[in-house]
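**Student:** Before we start, here is the structure in question, set down as structure tokens.
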Amino acid sequence: MIEELRATLDRHAAEVTPQPDPYPRVVSRHRRQRRRVTAAIAALAMLLVVAPGAWLLGRPQPYLPVAGPPPAALLPLLNSPTRGSLAADNAYIESLRQLVAEDDTNSDGGSRLPDDPGRIKVLFAGDIGARRIAVVAGVDGKPLVAAYQGKPGDDADELSPTMLAVLEPALGTGFAMDNGNAERTYLLLGPVGAVYETAETRYTGTGIQRNWTRLDAPDGYVGIADLVRQQRFRVLTGGTVLYETEGGAAAAPGRTVTVDPQPAGGRGSPMPAAATQIANSLATMTRLTGPDVTYRVLWSDEIDMPGTSTGRAAVVTVQAVTADGGGPYSTGTIDTGEGYYRDHPSGYGIAGDVEHSLLAMRLPWYQVESDRLQIIAPPAAVRAEVVRDGQTAEATLVKGVGGLAVPLNSQLTIRVYDATGALLATKDYADRNEFGCDRFDPAACATGSPTPSATATPWPANPGFDATVGPVGNRE
Amino acid sequence: MPDDDFQAFVEQRYTALLRTAYLLCGSRDRAEDVLQNALAAALPKWRRMEHPEAYLRRVMVNQLANDWRRPIREIVTAALPDRARHTGDAVEERDELWSALRRLPVRMRAVLVLRYWEDRSEQETAQILGVTVGTVKSHSSRGLARLRELIEPGTSAALTTANGGN
């Protein structure tokens with residue numbers, strides 16, 4: 001019975017895949033809940049402080065929109081004409097504005113769209129594919145935008161709200177799976193005259209490629225009836241990017257991928273369960289699940305890890321190998337006792353083939369951040385030189401793997417050599433403690449460049465310095 | 001207060017946690033909802049949280065136990081509406097054991113999911129749920145017995161837990 005129960009649970013669990021973008025939805029929900037708590041506290045305070053005279057004021061007033069004109073950056077969009085196939089239907093547009101103004105569910109726990117129809121702007125109204133869509137915004141000091149959906153032919157009051165957010169200079173929003181309609185309708189809308197572009201993210205062994213191509217927008221917007229895959233979009237005006245977003249979902253987010261747990265080149269020990277988990281999370285992040293992509297373990301081992309329930313953790317670096325033999329990699333540790341996962345910004349990147357790639361990273365931590373620099377070099381490497389501020393330290397490598405203590409927030413040059421003394425690979429490394437806008441290739445982002453510490457730390461005279469630390473993971 | 005470490009955790013663990021949530025409640029919509037609520041509750045405490053996975057599971061179970069009938073009104077601000085597809089429901093209805101599991105009380109069901117799907121020990125399960133080990137044992141044995149009753153009417157003998165005991 002227990003095995004049957006396990007099989008049943010396994011089978012049903014395997015059918016579950018998450019909706020796209022879980023993290024933004026968590027943050028959004030947290031903010032809504034926080035605002036509700038704030039509003040509740042404010043309401044309670046008001047009851048306690050001013051309740052004796054409040055009855056004079058009659059019905060409590062609704063929370064009003066933020067007074068003042070909209071921010072200048074939003075004016076091009078707010079001043080643009082209504083787009084969509086119903087844009088010229090004045091009666092429909094007016095009924096939409098009336099509906100939105102009267103709809104007190106258009107409240108985000110404190111903020112809400114104005115209750116004056118004259119302060120509601122209909123940005124879009126029309127049919128895209130088998131879905132009727134309306135997008136409206138408030139015209140006030142902090143404009144919100146709301147989206148509604150229904151089926152073609154629906155009156156304004158038959159549409160259902162699907163989204164409420166703070167308005168940006170342009171917007172991309174999706175509509176999916178409502179009333180049996182499984183089309184993933186997608187709308188990209190910017191100011192009049194905007195240029196719309198799309199790109200697919202392509203990972204290779206040398207970096208990330210995005211080739212932008214212009215989308216046709218004869219009616220001043222891009223409406224996609226069924227966005228069946230994940231795509232990156234941006235909206236430009238005058239050559240300036242106003243807005244960039246990732247739309248749609250991968251064809252199979254969370255799809256299981258397989259990985260050979262044996263580390264490439266014998267670098268470490270196999271950690272099958274952790275490797276599978278990290279490979280799948282890498283697949284989810286990169287959407288690299290196609291038949292031309294394989295997954296391999298670049299390094300894995302079980303290491304001492306203060307702060308875990310057992311004091312040990314499995315550490316695995318997994319790479320998604322694309323057609324050119326390289327691709328994105330990620331590193332994670334999993335507590336061998338309770339299974340808690342950790343990662344570190346430096347554990348992500350892009351690498352080429354095993355025989356030529358040199359990786360360096362800080363290890364994830366649970367209790368206290370370690371100053372150990374982990375080196376994963378070509379398997380033939382036996383020695384690493386680490387240069388910091390003109391001073392050189394060395395580390396012994398076993399099958400290309402080793403490490404040494406290096407002060408945090410360092411900028412380094414790392415060279416690795418084989419047994420004959422031949423230089424195998426060189427890498428410039430800078431610590432980074434935050435994820436950039438693209439965690440696999442921070443250099444591709446304007447804000448993601450690593451920033452070395454401005455405070456010099458003596459090195460290798462650092463008391464914690466140990467230039468001869470071998471591969472981690474040996475328990476004895 | 002978005003937090004990169006928290007973001008990474010969500011991205012890495014979301015699917016696994018969602019599956020646990022789904023097994024706890026039997027509804028994809030509800031699973032997303034309770035998990036999102038639990039993560040939203042965890043976000044401000046993240047930096048000082050010792051055992052986030054245990055915390056999230058307990059919050060999810062408590063939500064389901066205490067909040068089961070509350071209607072959910074969801075307005076999302078993410079790119080896609082927070083709705084799920086229900087293509088599997090017809091199959092689910094024909095799955096006898098799954099249907100029986102869905103008829104168990106929330107905490108009893110949670111014990112079975114944690115013990116036999118997540119392979120948690122009785123002690124771990126007790127810690128996660130905030131109950132005693134004795135409660136875990138009784139929920140486990142009674143839950144299995146109840147399942148057998150539901151799928152084999154007339155049979156009430158308690159099932160052995162030898163395979164799952166530890």
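Chains: A, B, ... in order of the structure tokens. Residues: from 1 per chain. Ligands: from 1, in order shown.
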What residues in chain A have any atom no more than 6 Å from chain B when counting only C-alpha atoms, and can you write them as number ranges by chain?
**Tutor:** A: 6, 13, 25-26, 30, 162-165, 173-175, 281
**Student:** Which residues, written as a ChimeraX atom specification, have at least one atom at most 9 Å from Gln262 (chain A), with only C-alpha atoms counted and residues fewer than 3 positions away on the same chain left out?
**Tutor:** /A:259,265-272,296-300
**Student:** Tell me which protein, DNA and RNA residues are within 12 Å of Thr420 (chain A), counting only C-alpha atoms, leaving out same-chain ones fewer than 2 positions away, and put them as a ChimeraX atom specification.
**Tutor:** /A:380-383,416-418,422-424
**Student:** Do you have, as JSON lines, the list of residues of region 190-281 of chain A lying at most 7 Å from region 111-129 of chain A, each with its nearest atom pair and that distance in Å to one decimal, counting only C-alpha atoms and ordered by chain then number?
**Tutor:**
```
{"residue": "A:Gly223", "atom": "CA", "partner": "A:Ile128", "partner_atom": "CA", "distance": 6.1}
{"residue": "A:Ile224", "atom": "CA", "partner": "A:Ile128", "partner_atom": "CA", "distance": 6.9}
{"residue": "A:Ala225", "atom": "CA", "partner": "A:Gly129", "partner_atom": "CA", "distance": 4.5}
```
**Student:** What residues in region 109-153 of chain B get the DSSP label helix (DSSP H, G or I)? Please answer as a PyMOL selection string.
**Tutor:** chain B and resi 109-117+122-129+133-151
**Student:** So what do you get for CA of Asp431 (chain A) versus CA of Glu369 (chain A), distance-wise?
**Tutor:** 12.8 Å
**Student:** Suppose you want the space between CA of Tyr243 (chain A) and CA of Leu167 (chain A); what is it in Å?
**Tutor:**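 Pair CA of Tyr243 (chain A) / CA of Leu167 (chain A) returns 11.4 Å.
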**Student:** Need the shell around Thr331 (chain A): protein/DNA/RNA residues with any atom at most 8 Å away, counting only C-alpha atoms. Skip same-chain ones fewer than 5 positions apart. Format as a ChimeraX atom specification?
**Tutor:** /A:278,315-318,343-344,347-348
**Student:** Select, from B:Arg107, B:Arg102, B:Arg48, B:Lys137, the residue with the minimum atom-to-atom distance to Ser121 (chain B), counting only C-alpha atoms.
**Tutor:** B:Lys137
**Student:** Here is a test: counting only C-alpha atoms, which residue of B:Ile128, B:Val136, B:Met49, B:Leu150 is nearest to Val111 (chain B)?
**Tutor:**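 Result for the nearest residue to Val111 (chain B): B:Val136.
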